[in-house]
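What's in structure-v8.cif: mmCIF, C-alpha atoms
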data_start
loop_
_atom_site.label_atom_id
_atom_site.label_comp_id
_atom_site.auth_asym_id
_atom_site.auth_seq_id
_atom_site.Cartn_x
_atom_site.Cartn_y
_atom_site.Cartn_z
CA MET F 1 183.71 109.69 97.50
CA SER F 2 185.94 106.70 98.11
CA ILE F 3 185.56 103.63 95.93
CA LEU F 4 185.41 101.58 99.13
CA GLU F 5 182.18 103.39 99.97
CA TYR F 6 180.52 102.94 96.56
CA ASN F 7 178.33 99.97 97.51
CA GLY F 8 178.17 100.20 101.33
CA ALA F 9 178.84 97.53 103.96
CA ALA F 10 179.06 96.86 107.69
CA MET F 11 180.42 93.77 109.37
CA ILE F 12 181.63 92.51 112.74
CA ALA F 13 183.30 89.31 113.87
CA MET F 14 183.49 88.58 117.58
CA ALA F 15 184.95 85.86 119.79
CA GLY F 16 183.05 84.03 122.50
CA LYS F 17 183.62 80.99 124.69
CA ASP F 18 184.71 78.26 122.28
CA CYS F 19 182.68 79.96 119.62
CA VAL F 20 182.94 82.79 117.14
CA GLY F 21 180.33 84.92 115.46
CA ILE F 22 180.28 87.02 112.30
CA ALA F 23 177.57 89.46 111.30
CA ALA F 24 176.98 91.72 108.32
CA ASP F 25 174.34 93.98 106.84
CA ARG F 26 172.47 93.07 103.64
CA ARG F 27 172.46 96.25 101.60
CA LEU F 28 173.74 96.52 98.05
CA GLY F 29 173.70 100.14 96.96
CA ILE F 30 175.02 102.27 94.17
CA GLN F 31 175.98 105.36 96.11
CA ALA F 32 172.72 106.76 97.42
CA GLN F 33 170.41 104.30 95.63
CA THR F 34 169.61 100.90 97.17
CA VAL F 35 169.64 98.12 94.58
CA SER F 36 169.07 95.06 96.76
CA THR F 37 168.39 94.13 100.36
CA ASP F 38 169.69 90.57 100.31
CA PHE F 39 173.25 90.92 99.09
CA THR F 40 175.59 88.34 100.63
CA LYS F 41 178.84 89.61 102.09
CA VAL F 42 179.70 86.84 104.54
CA PHE F 43 180.73 83.55 103.04
CA LYS F 44 181.20 80.13 104.61
CA MET F 45 184.49 78.78 103.34
CA ASN F 46 184.38 75.53 105.33
CA ASP F 47 182.97 74.23 108.61
CA THR F 48 185.41 76.29 110.65
CA ILE F 49 186.03 79.42 108.55
CA HIS F 50 183.77 82.30 107.59
CA VAL F 51 185.00 85.35 105.76
CA GLY F 52 183.31 88.72 105.59
CA LEU F 53 184.16 90.77 102.53
CA GLY F 54 183.29 94.44 102.79
CA GLY F 55 183.90 96.96 100.06
CA LEU F 56 183.32 97.18 96.33
CA ALA F 57 180.68 94.56 95.46
CA THR F 58 182.33 93.36 92.27
CA ASP F 59 185.58 92.66 94.12
CA VAL F 60 183.64 90.99 96.96
CA GLN F 61 182.27 88.54 94.40
CA THR F 62 185.55 88.15 92.51
CA LEU F 63 187.50 87.56 95.72
CA HIS F 64 184.94 85.03 96.93
CA ASN F 65 185.35 83.08 93.70
CA ILE F 66 189.15 83.22 93.95
CA LEU F 67 189.10 82.09 97.58
CA LYS F 68 186.75 79.21 96.81
CA PHE F 69 189.10 78.15 94.03
CA ARG F 70 192.26 78.42 96.14
CA MET F 71 190.64 76.54 99.04
CA GLY F 72 189.58 73.76 96.68
CA LEU F 73 193.08 73.55 95.27
CA TYR F 74 194.61 73.44 98.76
CA GLU F 75 192.25 70.65 99.87
CA LEU F 76 193.02 68.59 96.78
CA ARG F 77 196.78 68.93 97.21
CA GLU F 78 196.98 68.75 101.02
CA GLU F 79 194.14 66.27 101.52
CA ARG F 80 193.08 68.20 104.61
CA GLU F 81 190.94 71.22 105.50
CA MET F 82 192.44 74.68 105.63
CA THR F 83 192.84 76.20 109.09
CA PRO F 84 191.72 79.78 109.81
CA GLN F 85 195.32 80.96 110.24
CA VAL F 86 196.34 79.60 106.86
CA PHE F 87 193.23 81.04 105.21
CA SER F 88 193.88 84.46 106.67
CA HIS F 89 197.46 84.38 105.47
CA LEU F 90 196.38 83.25 101.99
CA LEU F 91 193.94 86.16 101.80
CA SER F 92 196.64 88.58 102.92
CA THR F 93 199.02 87.32 100.22
CA LEU F 94 196.33 87.43 97.53
CA LEU F 95 195.58 91.05 98.35
CA TYR F 96 199.23 92.15 98.42
CA GLU F 97 199.83 90.56 95.02
CA LYS F 98 197.60 93.34 93.71
CA ARG F 99 199.52 95.99 95.66
CA PHE F 100 199.48 98.57 92.85
CA GLY F 101 196.02 97.75 91.53
CA PRO F 102 194.20 96.38 94.56
CA TYR F 103 190.90 94.67 95.17
CA PHE F 104 188.80 97.26 96.96
CA VAL F 105 187.81 94.94 99.78
CA GLU F 106 188.68 95.04 103.49
CA PRO F 107 188.01 91.52 104.74
CA ILE F 108 187.46 90.02 108.18
CA VAL F 109 188.07 86.36 108.96
CA ALA F 110 186.28 84.45 111.70
CA GLY F 111 187.30 80.91 112.46
CA LEU F 112 187.43 78.16 115.03
CA ASP F 113 190.52 76.04 115.55
CA ALA F 114 189.30 72.52 114.73
CA LYS F 115 191.23 70.82 117.55
CA THR F 116 191.25 73.33 120.41
CA ASN F 117 187.93 75.08 119.53
CA LYS F 118 189.65 78.36 120.26
CA PRO F 119 188.34 81.33 118.27
CA PHE F 120 190.41 82.96 115.54
CA LEU F 121 189.79 86.53 114.36
CA SER F 122 191.67 88.60 111.85
CA SER F 123 191.09 91.59 109.62
CA MET F 124 193.10 93.34 106.97
CA ASP F 125 193.17 96.40 104.81
CA LEU F 126 192.75 96.34 101.05
CA ILE F 127 196.41 95.48 100.43
CA GLY F 128 196.48 92.67 102.94
CA ALA F 129 198.00 94.15 106.09
CA PRO F 130 196.77 91.70 108.73
CA VAL F 131 195.74 92.21 112.31
CA GLN F 132 194.83 89.43 114.70
CA THR F 133 192.78 90.12 117.79
CA LYS F 134 191.22 88.21 120.65
CA ASP F 135 188.00 90.20 120.97
CA PHE F 136 186.44 91.60 117.79
CA VAL F 137 187.17 92.90 114.30
CA VAL F 138 185.06 95.24 112.17
CA SER F 139 184.91 96.45 108.57
CA GLY F 140 182.73 98.61 106.37
CA THR F 141 181.48 102.16 105.86
CA CYS F 142 180.69 102.81 109.53
CA THR F 143 183.72 101.39 111.33
CA GLY F 144 183.66 104.28 113.80
CA ASN F 145 180.15 103.31 114.89
CA LEU F 146 181.05 99.62 114.92
CA TYR F 147 184.17 100.07 117.07
CA GLY F 148 182.22 102.16 119.56
CA MET F 149 179.38 99.64 119.86
CA CYS F 150 181.71 96.64 120.11
CA GLU F 151 183.95 98.27 122.72
CA THR F 152 180.86 99.04 124.81
CA LEU F 153 178.96 95.78 124.49
CA TYR F 154 181.80 93.24 124.34
CA LYS F 155 182.54 90.92 127.23
CA PRO F 156 185.03 88.05 127.04
CA ASP F 157 183.86 84.41 127.05
CA LEU F 158 180.28 84.94 125.95
CA GLU F 159 178.18 81.83 125.34
CA PRO F 160 176.79 81.41 121.77
CA ASP F 161 173.34 82.84 122.54
CA ALA F 162 174.76 85.85 124.37
CA LEU F 163 177.30 86.33 121.57
CA PHE F 164 174.45 86.43 119.05
CA GLU F 165 172.64 89.14 121.03
CA THR F 166 175.80 91.20 121.39
CA LEU F 167 176.63 90.98 117.68
CA ALA F 168 173.08 91.76 116.63
CA GLN F 169 172.72 94.83 118.85
CA ALA F 170 176.18 96.16 117.98
CA LEU F 171 175.52 95.82 114.23
CA LEU F 172 171.99 97.24 114.21
CA ALA F 173 172.83 100.26 116.34
CA SER F 174 175.87 101.03 114.14
CA VAL F 175 174.18 100.76 110.75
CA ASP F 176 171.21 102.87 111.85
CA ARG F 177 173.50 105.89 111.84
CA ASP F 178 175.02 105.11 108.45
CA ALA F 179 173.16 105.83 105.23
CA LEU F 180 175.17 103.35 103.17
CA SER F 181 174.72 100.23 105.29
CA GLY F 182 171.83 98.39 106.90
CA TRP F 183 168.58 97.26 105.26
CA GLY F 184 168.66 94.02 107.24
CA GLY F 185 171.35 91.88 108.79
CA VAL F 186 172.57 88.33 109.12
CA VAL F 187 174.48 86.70 111.99
CA HIS F 188 176.37 83.40 111.88
CA ILE F 189 177.45 81.73 115.15
CA ILE F 190 180.09 79.06 114.70
CA THR F 191 180.67 76.39 117.32
CA LYS F 192 182.20 72.91 117.21
CA ASP F 193 178.65 71.58 116.69
CA GLY F 194 177.95 73.63 113.58
CA VAL F 195 176.84 77.01 112.34
CA THR F 196 173.61 78.77 113.35
CA THR F 197 172.47 81.49 110.98
CA ARG F 198 169.84 84.06 111.91
CA GLU F 199 168.42 86.96 109.90
CA LEU F 200 168.04 90.26 111.73
CA LYS F 201 164.97 92.46 111.60
CA GLY F 202 166.17 96.02 111.38
CA ARG F 203 165.18 99.45 110.13
CA GLN F 204 164.51 99.32 106.40
CA ASP F 205 165.95 102.69 105.59
CA MET M 206 170.50 108.02 79.21
CA ASP M 207 169.21 104.54 78.42
CA THR M 208 166.19 103.30 80.27
CA VAL M 209 166.13 99.59 81.03
CA PHE M 210 163.90 97.82 83.52
CA GLY M 211 162.40 94.42 84.16
CA ILE M 212 160.05 92.47 86.40
CA GLN M 213 159.86 88.80 87.29
CA PHE M 214 156.39 87.22 87.18
CA LYS M 215 155.08 83.70 87.83
CA GLY M 216 156.59 81.65 85.03
CA GLY M 217 158.79 84.25 83.39
CA VAL M 218 160.32 87.70 83.13
CA VAL M 219 159.41 90.93 81.32
CA LEU M 220 162.22 93.16 80.06
CA ALA M 221 161.67 96.65 78.74
CA ALA M 222 164.05 99.23 77.29
CA ASP M 223 163.77 102.52 75.47
CA GLN M 224 164.62 102.60 71.78
CA SER M 225 166.51 105.85 71.46
CA ASN M 226 170.01 105.89 70.03
CA ALA M 227 171.43 109.30 70.77
CA ARG M 228 174.68 111.08 71.53
CA SER M 229 175.00 114.60 72.89
CA ILE M 230 172.17 116.64 71.33
CA LEU M 231 171.59 114.39 68.33
CA VAL M 232 169.17 111.46 68.09
CA TYR M 233 170.47 108.94 65.56
CA GLN M 234 167.49 106.61 65.62
CA ASN M 235 164.33 105.81 67.54
CA ASN M 236 163.98 102.12 66.79
CA LEU M 237 167.04 100.55 68.38
CA ASP M 238 166.50 97.18 70.04
CA LYS M 239 168.38 97.19 73.34
CA VAL M 240 166.94 93.90 74.61
CA THR M 241 169.09 91.26 72.97
CA LYS M 242 168.21 87.58 72.92
CA LEU M 243 171.06 85.55 74.40
CA SER M 244 169.77 82.01 74.18
CA SER M 245 166.47 80.28 73.55
CA HIS M 246 165.15 81.29 76.99
CA SER M 247 167.15 84.33 78.03
CA ALA M 248 167.69 87.94 77.04
CA MET M 249 169.63 90.94 78.24
CA GLY M 250 168.44 94.55 78.46
CA VAL M 251 171.55 96.69 78.02
CA SER M 252 172.39 100.31 78.78
CA GLY M 253 175.57 102.09 77.74
CA PRO M 254 177.59 103.26 74.71
CA ASN M 255 176.40 101.54 71.56
CA ALA M 256 179.84 100.07 70.80
CA ASP M 257 180.17 98.30 74.14
CA MET M 258 176.49 97.28 74.05
CA VAL M 259 176.78 95.53 70.73
CA ASN M 260 180.24 94.04 71.27
CA PHE M 261 179.48 92.67 74.72
CA THR M 262 176.06 91.18 73.89
CA GLU M 263 177.31 89.57 70.69
CA TYR M 264 180.35 88.15 72.51
CA ILE M 265 178.18 86.66 75.26
CA ALA M 266 175.48 85.35 72.92
CA LYS M 267 178.00 83.63 70.64
CA ASN M 268 179.89 82.10 73.57
CA LEU M 269 176.63 80.72 74.96
CA ALA M 270 175.85 79.21 71.56
CA LEU M 271 179.36 77.72 71.46
CA TYR M 272 178.86 76.12 74.88
CA GLU M 273 175.70 74.38 73.68
CA LEU M 274 177.45 73.13 70.54
CA ALA M 275 180.53 71.95 72.41
CA ASN M 276 178.60 70.28 75.22
CA ASP M 277 176.14 68.12 73.35
CA GLY M 278 173.25 70.54 73.55
CA THR M 279 173.47 71.21 77.30
CA LYS M 280 171.77 74.49 78.05
CA LEU M 281 173.17 76.86 80.67
CA SER M 282 170.79 77.95 83.41
CA THR M 283 169.97 81.65 83.73
CA LYS M 284 172.12 81.76 86.88
CA ALA M 285 175.06 80.23 85.00
CA GLN M 286 174.64 82.69 82.13
CA ALA M 287 174.51 85.61 84.53
CA ASN M 288 177.64 84.43 86.32
CA PHE M 289 179.40 83.95 82.97
CA CYS M 290 178.57 87.56 82.06
CA ARG M 291 179.76 88.73 85.47
CA ASN M 292 183.07 86.97 85.06
CA GLU M 293 183.65 88.46 81.60
CA LEU M 294 182.88 91.94 82.94
CA ALA M 295 185.09 91.41 86.01
CA VAL M 296 188.07 90.29 83.94
CA ALA M 297 187.63 93.17 81.49
CA LEU M 298 187.19 95.67 84.34
CA ARG M 299 190.88 96.11 85.01
CA LYS M 300 191.95 95.76 81.37
CA GLY M 301 189.44 97.54 79.17
CA PRO M 302 186.06 97.75 80.87
CA TYR M 303 182.75 97.31 79.08
CA GLN M 304 180.68 100.28 80.14
CA VAL M 305 177.44 98.34 80.06
CA ASN M 306 174.82 98.09 82.77
CA LEU M 307 172.45 95.23 82.20
CA LEU M 308 169.44 93.33 83.34
CA LEU M 309 169.58 89.67 82.41
CA GLY M 310 166.29 87.79 82.41
CA GLY M 311 165.66 84.14 81.72
CA TYR M 312 163.33 81.20 82.15
CA ASP M 313 164.46 77.84 83.56
CA GLU M 314 162.43 74.73 82.80
CA LYS M 315 163.90 72.98 85.84
CA ASP M 316 162.19 75.37 88.27
CA ASP M 317 159.40 76.45 85.88
CA ALA M 318 160.27 79.98 86.92
CA GLY M 319 161.76 83.14 85.57
CA SER M 320 164.71 84.91 87.13
CA LEU M 321 166.10 88.40 86.76
CA TYR M 322 169.68 89.47 87.41
CA PHE M 323 171.01 92.97 87.94
CA LEU M 324 174.57 93.37 86.64
CA ASP M 325 176.29 96.72 86.66
CA TYR M 326 179.36 97.78 84.65
CA LEU M 327 181.66 97.06 87.60
CA ALA M 328 180.44 93.44 87.53
CA ALA M 329 178.39 93.44 90.71
CA LEU M 330 175.76 90.72 90.27
CA GLN M 331 172.53 90.34 92.22
CA LYS M 332 169.39 88.32 91.64
CA VAL M 333 166.39 90.66 91.98
CA PRO M 334 162.62 90.34 91.68
CA TYR M 335 162.52 93.59 89.69
CA GLY M 336 165.14 96.13 88.72
CA SER M 337 166.16 99.00 86.54
CA GLN M 338 169.29 100.61 85.15
CA GLY M 339 170.04 104.23 84.52
CA TYR M 340 168.02 107.33 85.24
CA ALA M 341 164.90 105.19 84.96
CA SER M 342 165.63 103.94 88.46
CA ASN M 343 164.77 107.30 89.93
CA PHE M 344 161.27 107.01 88.49
CA CYS M 345 160.60 103.28 88.26
CA LEU M 346 162.04 101.68 91.37
CA SER M 347 159.55 103.25 93.74
CA ILE M 348 156.64 102.26 91.50
CA MET M 349 157.88 98.70 91.39
CA ASP M 350 158.56 98.68 95.16
CA LYS M 351 154.93 99.61 95.73
CA GLU M 352 153.22 97.42 93.15
CA TYR M 353 155.32 94.25 92.97
CA ARG M 354 153.99 91.14 94.72
CA GLU M 355 155.19 87.53 94.70
CA GLY M 356 153.37 85.43 92.10
CA LEU M 357 152.42 88.22 89.72
CA THR M 358 150.77 87.14 86.50
CA GLU M 359 152.19 88.18 83.14
CA ALA M 360 149.33 90.65 82.70
CA ASP M 361 150.01 92.20 86.14
CA ALA M 362 153.68 92.58 85.33
CA LEU M 363 152.89 94.27 82.02
CA LEU M 364 150.59 96.71 83.84
CA ILE M 365 153.46 97.73 86.10
CA ILE M 366 155.74 98.14 83.06
CA GLU M 367 153.10 100.37 81.45
CA HIS M 368 152.86 102.40 84.62
CA CYS M 369 156.63 102.89 84.65
CA ILE M 370 156.71 103.93 80.99
CA LYS M 371 153.94 106.48 81.63
CA GLU M 372 155.88 107.91 84.55
CA ILE M 373 159.05 108.23 82.47
CA ALA M 374 157.09 109.90 79.67
CA THR M 375 155.66 112.41 82.15
CA ARG M 376 158.63 113.20 84.35
CA PHE M 377 161.89 112.28 82.62
CA LEU M 378 163.72 115.18 80.96
CA ILE M 379 164.92 113.15 77.98
CA ASN M 380 162.25 112.36 75.40
CA GLN M 381 162.01 108.61 74.92
CA PRO M 382 158.98 108.04 72.70
CA ASN M 383 159.48 104.33 71.96
CA PHE M 384 159.90 101.30 74.21
CA MET M 385 160.71 97.71 73.35
CA ILE M 386 159.05 95.17 75.64
CA LYS M 387 160.03 91.50 75.53
CA ILE M 388 158.67 88.56 77.47
CA ILE M 389 160.63 85.43 78.39
CA ASP M 390 158.68 82.38 79.50
CA LYS M 391 158.41 78.68 78.77
CA ASP M 392 157.85 79.45 75.10
CA GLY M 393 161.09 81.37 74.81
CA VAL M 394 161.88 85.00 74.10
CA ARG M 395 159.16 86.94 72.28
CA VAL M 396 158.52 90.57 71.45
CA HIS M 397 155.46 91.87 73.25
CA SER M 398 155.43 95.31 71.74
CA PHE M 399 157.65 98.05 70.42
CA GLY M 400 157.28 101.71 69.57
CA GLY M 401 159.62 101.63 66.59
CA ASP M 402 160.19 98.56 64.43
CA PRO M 403 163.92 97.69 64.60
CA ALA M 404 163.63 96.20 61.13
CA ASP M 405 162.84 99.59 59.60
CA THR M 406 166.03 100.98 58.03
#
If you convert what's in this file into structure tokens, what do you get?
Amino acid sequence: MSILEYNGAAMIAMAGKDCVGIAADRRLGIQAQTVSTDFTKVFKMNDTIHVGLGGLATDVQTLHNILKFRMGLYELREEREMTPQVFSHLLSTLLYEKRFGPYFVEPIVAGLDAKTNKPFLSSMDLIGAPVQTKDFVVSGTCTGNLYGMCETLYKPDLEPDALFETLAQALLASVDRDALSGWGGVVHIITKDGVTTRELKGRQD
Amino acid sequence: MDTVFGIQFKGGVVLAADQSNARSILVYQNNLDKVTKLSSHSAMGVSGPNADMVNFTEYIAKNLALYELANDGTKLSTKAQANFCRNELAVALRKGPYQVNLLLGGYDEKDDAGSLYFLDYLAALQKVPYGSQGYASNFCLSIMDKEYREGLTEADALLIIEHCIKEIATRFLINQPNFMIKIIDKDGVRVHSFGGDPADT
């Protein structure tokens, strides 16, 4: 049993037309037992950046606190908002600093470039090896399922409403075949006009 | 082996824990109080080795008292206390972990409501309407899933606690004859009942 699978998680971030979406399940488990069905794994860092932290729950929370702190520090010093690229790189560096005693989290970053409104997606492993893509990134205990669903359902340049549907269906179908993730879902769609958050009704098992 | 569980009701929280202090095949005592008062309106039900239990709860309780003294009597909300505990556990995790699983319950005057927090030894924190730690979960969680409703009264919550204790007495392998039940509401932390008096030496 891997420590990355101790609590259970599933998340996807996907790019659309001048918008980006990020979705995650809501389960907090301790191996087979479900402790809570409203655990937050996707965090809004600022108007243009959302980060999904999948993995060991304690490190999800610790990393969220550290990222909030570092973002605050950056904004105070730079007197400007962090861009998704910078955030992703910061996260990568933070994780590699713990190379030989890592945070057991495999994050995904979803952002929107403030000026061009172009989507930004990245994901990394637990020691910060980054990957940037144009279409989608996934993380969690059922990545096989998630990759399959995303590859099948994804189309480039989806409008926000269509992007929501695609994310929701891809996530729900994937977690239904994974014991450690599911128990509800949440989807955030980020556009230049703001963030729309919707809760998903899924199988409660 | 410790059994700890709790339920939120309208205007407060009930915390219950067994009172056995045992190691291997020997029972040291049957009147241990595992629900420690942290501040005027909060308490923590703790499960784990006695050393870590006592050290961690005393450390947290004294630091909370220090905060009030150093900040002109400002009380920390239950959420703040829970997050303080989480941080201490998270920092200690990669140095010398406290092997304590806890349920932190408190009452906040601002919302006139109780809140219950699940915090495991790895420092994963989650606000829950009801929860349990240890083997008790196998028996109690399903009972609480079925019987919990929003806006329970204190009496309703105590009935559910009684139901859980009965189930543990019937089906749990380890004999746990005594339970300490504490209630936290607008009047503070008070003992509702216990099987063994902790004051007995």
- Item | Pick from M:Lys284, M:Arg299, M:Lys387, M:His368 nearest to chain F, counting only C-alpha atoms | M:Arg299
- Residue with the minimum atom-to-atom distance to chain M, picked from F:Thr58, F:Thr141, F:Thr34, F:Ser181 with only C-alpha atoms counted, is F:Thr58
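Closest approach to Asp205 in chain F from the set F:Ile190, F:Cys19, F:Val175, F:Leu112 is made by F:Val175, with distances taken over only C-alpha atoms.
Residues of chain M having any atom within 10 Å of chain F, counting all atoms listed in the file, are Arg291, Asn292, Leu294, Ala295, Val296, Leu298, Arg299, Phe323, Leu324, Asp325, Tyr326, Leu327, Ala328, Ala329, Leu330, Gln331, Lys332, Val333, Pro334, Tyr335, Gly336, Ser337, Gln338, Ser342, Asn343 and Leu346 of chain M.
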- Item | Selection result of the PyMOL selection byres ((chain M and resi 339) around 8) on this file, as a ChimeraX atom specification | /M:206-209,252,306,337-338,340-342
Expected file contents, prior selection, C-alpha atoms, as a short mmCIF file (atom, residue, chain, number, x, y, z; two decimals), keeping the file's coordinate frame:
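Generated output (result38.cif):
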data_model
loop_
_atom_site.label_atom_id
_atom_site.label_comp_id
_atom_site.auth_asym_id
_atom_site.auth_seq_id
_atom_site.Cartn_x
_atom_site.Cartn_y
_atom_site.Cartn_z
CA MET M 206 170.50 108.02 79.21
CA ASP M 207 169.21 104.54 78.42
CA THR M 208 166.19 103.30 80.27
CA VAL M 209 166.13 99.59 81.03
CA SER M 252 172.39 100.31 78.78
CA ASN M 306 174.82 98.09 82.77
CA SER M 337 166.16 99.00 86.54
CA GLN M 338 169.29 100.61 85.15
CA TYR M 340 168.02 107.33 85.24
CA ALA M 341 164.90 105.19 84.96
CA SER M 342 165.63 103.94 88.46
#
- Give as a PyMOL selection string the residues that the PyMOL selection byres ((chain M and resi 392) around 10) matches when applied to the coordinates above. chain M and resi 217+245-246+312+388-391+393-395
- Explicit residues for the PyMOL selection byres ((chain M and resi 360) around 12) (as number ranges by chain): M: 212-219, 356-359, 361-367, 388, 397
Write to file, as an mmCIF file, in the frame of the given file, the residues of the selection just made, with C-alpha atoms.
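Below is the file again_32.cif, written as the result:
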data_model
loop_
_atom_site.group_PDB
_atom_site.id
_atom_site.type_symbol
_atom_site.label_atom_id
_atom_site.label_comp_id
_atom_site.auth_asym_id
_atom_site.auth_seq_id
_atom_site.Cartn_x
_atom_site.Cartn_y
_atom_site.Cartn_z
ATOM 1 C CA ILE M 212 160.050 92.470 86.400
ATOM 2 C CA GLN M 213 159.860 88.800 87.290
ATOM 3 C CA PHE M 214 156.390 87.220 87.180
ATOM 4 C CA LYS M 215 155.080 83.700 87.830
ATOM 5 C CA GLY M 216 156.590 81.650 85.030
ATOM 6 C CA GLY M 217 158.790 84.250 83.390
ATOM 7 C CA VAL M 218 160.320 87.700 83.130
ATOM 8 C CA VAL M 219 159.410 90.930 81.320
ATOM 9 C CA GLY M 356 153.370 85.430 92.100
ATOM 10 C CA LEU M 357 152.420 88.220 89.720
ATOM 11 C CA THR M 358 150.770 87.140 86.500
ATOM 12 C CA GLU M 359 152.190 88.180 83.140
ATOM 13 C CA ASP M 361 150.010 92.200 86.140
ATOM 14 C CA ALA M 362 153.680 92.580 85.330
ATOM 15 C CA LEU M 363 152.890 94.270 82.020
ATOM 16 C CA LEU M 364 150.590 96.710 83.840
ATOM 17 C CA ILE M 365 153.460 97.730 86.100
ATOM 18 C CA ILE M 366 155.740 98.140 83.060
ATOM 19 C CA GLU M 367 153.100 100.370 81.450
ATOM 20 C CA ILE M 388 158.670 88.560 77.470
ATOM 21 C CA HIS M 397 155.460 91.870 73.250
#
- How many Å lie between CA of Gly401 in chain M and CA of Phe261 in chain M, rounded to one decimal? 23.3 Å
- Item | Point-to-point distance from CA of Val20 in chain F to CA of Glu97 in chain F, Å rounded to tenths | 28.9 Å
- Task: Determine the nearest neighbour of Gly21 in chain F from the options F:Thr152, F:Ser174, F:Ser139, F:Thr48, counting all atoms listed in the file.
- Result: F:Thr48
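Using all atoms listed in the file, the smallest distance between any of M:Val259, M:Ala285, M:Leu220, M:Ala227 and Gln381 in chain M comes from M:Ala227.
The space separating CA of Ala15 in chain F from CA of Ala110 in chain F comes to 8.3 Å.
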- Nearby residues (all atoms listed in the file) at most 9 Å from range 262-276 of chain M, same-chain spacing under 2 positions excluded, as number ranges by chain: M: 241-244, 249, 251, 257-260, 278-281, 286, 289-290, 293
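Distances here use only C-alpha atoms; by that measure, the residue among M:Pro403, M:Ala287, M:Ser398, M:Leu237 closest to Ser320 in chain M is M:Ala287.
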- Query: Can you find the residues with an atom no farther than 8 Å from (199.1, 90.8, 102.1), counting only C-alpha atoms, and report them as number ranges by chain?
  - Reply: F: 89, 91-97, 127-130
